[in-house]
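What follows is a set of notes on a single structure, which appears directly below.
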Amino acid sequence: MDDQTQAPAADPAVAGLPFGRLATTLPPHVWFGVSAVFHYLGPAFAVLLFPHVGVLGMAWLRIATAALIFAPLTRPWRTFARADRSSGLLLLAFGACLAVMNCSFYLALDRLPISLVAAIEFVGTIGVAVIGLRTPRNLAALVIAVTGTLLLIDVKWSSDPLGLFWAFLNGTLFVVYIVLGHRIAASGAGGGIASLGAAMAIAFIIVLPIGFRDALPAFFSRPLLLAAIGVGICSSVIPYICDQLAMSRLPRASFALMLSLLPVTATLIGVIVLRQIPSLTDCLGIALVVAGVAFHKPAR
């Protein structure tokens, strides 16, 4: 089995975390499920804060929150000190990916519906899943999931070219995130969680001059600052940690196919947070995506 389908070794840094034992005993699919919920829960609330801190200001606050929370837990300076040239470049690439991906994601959400951004985000993951396909069953699962996703977006494309540009850039970088994330999960640069903290510190340095000015109003309003911190925790801390816990024990192709659940969670969260009520076609799409993920058999 090649590295495209083989699950990475367990993250050695997980054992040192307060929930280390729970992280290794719960199935990786549970961690993925938690990530799938928070992946769009935080951004949905972020949309509500755009009028107050701006799009890039919200991206800055999200990344800053995650970097500050990860710093004392993972001690990124130690990860940088232990990293060799190859691991260091991997951390830099992962950090740059996180920075640009988060900014482009919010720029897309500012112009397009969350369900469409989620569907475009999933399109890129199809290629990752196809690379690892080995059985007709998994191919059928992928076809079912793709059909469900197409029904979810009803094949309606926005007339906003700039919004689509940001959405497709985010989708492309999301694929890079999956690929680099799996390498990080098996990295020798301190393990997946520690490397994630180091990469988030790099992401913060990259966005520091970009969104700070827009984020300033949050520092003069306690409710706004607390809301922004909450979005950062829901958007970058919880889902990224859960992604690493899932990636460390799931083959890349399996993880990529399970990402087809994201349009489902985006639709459901759109109902709860943004009051976007799905049609019967949307409900059918959700059912097909869930069926495709359930039918998929992970590589061994």
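Each chain of the structure tokens is named A, B, ... in the order shown, its residues numbered from 1; ligands are numbered from 1 in display order.
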Would you give me, as a Markdown table, each residue of range 181-273 of chain A having an atom within 12 Å of an atom of range 58-64 of chain A, along with its shortest atom pair and that distance in Å to one decimal, using only C-alpha atoms and sorting by chain and residue number?
| residue | atom | partner | partner_atom | distance |
| --- | --- | --- | --- | --- |
| A:Gly197 | CA | A:Ile63 | CA | 11.0 |
| A:Ala199 | CA | A:Ile63 | CA | 10.7 |
| A:Met200 | CA | A:Ile63 | CA | 7.1 |
| A:Ala201 | CA | A:Ala64 | CA | 8.3 |
| A:Ile202 | CA | A:Ile63 | CA | 9.9 |
| A:Ala203 | CA | A:Ile63 | CA | 7.1 |
| A:Phe204 | CA | A:Ala64 | CA | 5.8 |
| A:Ile205 | CA | A:Ala64 | CA | 9.0 |
| A:Ile206 | CA | A:Trp60 | CA | 9.7 |
| A:Val207 | CA | A:Trp60 | CA | 6.2 |
| A:Leu208 | CA | A:Trp60 | CA | 7.0 |
| A:Pro209 | CA | A:Trp60 | CA | 9.1 |
| A:Ile210 | CA | A:Trp60 | CA | 7.6 |
| A:Gly211 | CA | A:Trp60 | CA | 5.2 |
| A:Phe212 | CA | A:Trp60 | CA | 6.4 |
| A:Arg213 | CA | A:Trp60 | CA | 9.5 |
| A:Asp214 | CA | A:Met58 | CA | 7.9 |
| A:Ala215 | CA | A:Met58 | CA | 6.5 |
| A:Leu216 | CA | A:Leu61 | CA | 9.6 |
| A:Pro217 | CA | A:Met58 | CA | 10.7 |
| A:Ala218 | CA | A:Leu61 | CA | 8.7 |
| A:Phe219 | CA | A:Leu61 | CA | 10.3 |
| A:Leu224 | CA | A:Met58 | CA | 10.7 |
| A:Leu225 | CA | A:Leu61 | CA | 8.7 |
| A:Leu226 | CA | A:Leu61 | CA | 10.5 |
| A:Ala227 | CA | A:Leu61 | CA | 10.1 |
| A:Ala228 | CA | A:Leu61 | CA | 6.3 |
| A:Ile229 | CA | A:Arg62 | CA | 6.9 |
| A:Gly230 | CA | A:Arg62 | CA | 8.6 |
| A:Val231 | CA | A:Arg62 | CA | 6.5 |
| A:Gly232 | CA | A:Arg62 | CA | 3.9 |
| A:Ile233 | CA | A:Arg62 | CA | 7.5 |
| A:Cys234 | CA | A:Arg62 | CA | 9.0 |
| A:Ser235 | CA | A:Arg62 | CA | 7.1 |
| A:Ser236 | CA | A:Arg62 | CA | 6.9 |
| A:Val237 | CA | A:Ile63 | CA | 9.1 |
| A:Ile238 | CA | A:Arg62 | CA | 11.9 |
| A:Tyr240 | CA | A:Ile63 | CA | 11.6 |
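Nearest to His39 in chain A of all the residues A:Ala96, A:Val271, A:Leu261, A:Val289 is A:Leu261, based on only C-alpha atoms.
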Review point. Hey, what does DSSP flag as helix (DSSP H, G or I) within range 121-265 of chain A? Can you give it to me as a count of residues only?
Key: 123
Show which residues sit within 7 Å of Ala266 in chain A, as a PDB file with C-alpha atoms, in the first residue's frame. Count only C-alpha atoms, and ignore same-chain residues fewer than 2 positions away.
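File produced: out25.pdb:
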ATOM      1  CA  TYR A  40     -18.829  25.474   9.396  1.00  0.00           C
ATOM      2  CA  ILE A 114     -22.178  28.992   2.670  1.00  0.00           C
ATOM      3  CA  SER A 115     -23.636  25.887   0.988  1.00  0.00           C
ATOM      4  CA  ALA A 118     -18.888  24.149   0.953  1.00  0.00           C
ATOM      5  CA  LEU A 262     -19.086  18.989   4.797  1.00  0.00           C
ATOM      6  CA  PRO A 263     -21.839  20.194   2.419  1.00  0.00           C
ATOM      7  CA  VAL A 264     -24.280  18.352   4.690  1.00  0.00           C
ATOM      8  CA  LEU A 268     -27.697  22.016   8.484  1.00  0.00           C
ATOM      9  CA  ILE A 269     -25.749  24.828  10.126  1.00  0.00           C
ATOM     10  CA  GLY A 270     -27.132  27.219   7.522  1.00  0.00           C
TER      11      GLY A 270
END
Practice item. Could you give me, as a list in words, the residues within 12 Å of Pro28 in chain A, counting only C-alpha atoms and dropping anything in the same chain fewer than 6 positions from it? Key: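 Once the adjacent positions are removed, what remains is Ala7, Ala10, Leu22, Val34, Ser35, Ile241, Cys242, Asp243, Gln244, Leu245, Ala246, Met247, Ser248, Arg249, Leu250, Pro251, Ser254, Phe255, Met258 and Pro298 of chain A.
Relative to CA of Leu259 in chain A, CA of Leu169 in chain A is found at 17.3 Å.
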Practice item. Counting only C-alpha atoms, figure out which residue out of A:Gly163, A:Leu151, A:Pro239, A:Pro72 gets nearest to Leu280 in chain A. Key: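 Among the listed residues, A:Leu151 lies closest to Leu280 in chain A.
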Point to revise | Option closest in space to Leu90 in chain A, from A:Val146, A:Ala46, A:Ile131, A:Val179 [counting only C-alpha atoms] | key: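 With only C-alpha atoms as the atom set, the closest residue is A:Val179.
Among the candidates A:Asn138, A:Thr267, A:Ser86, A:Thr125, the one nearest to Val175 in chain A when counting only C-alpha atoms is A:Thr125.
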Review point. Interatomic distance between CA of Met101 in chain A and CA of Asp160 in chain A?
Key: 19.2 Å
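The space separating CA of Leu49 in chain A from CA of Ser159 in chain A comes to 24.4 Å.
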Point to revise | Residue nearest Thr281 in chain A - candidates A:Val47, A:Val143, A:Leu150, A:Ala253, atoms counted: only C-alpha atoms | key: A:Leu150
Check your understanding: What lies within 12 Å of Phe165 in chain A using only C-alpha atoms, ignoring chain neighbours under 3 positions off, as a ChimeraX atom specification?
Key -> /A:104-105,107-109,111-112,117,120-121,158-162,168-172
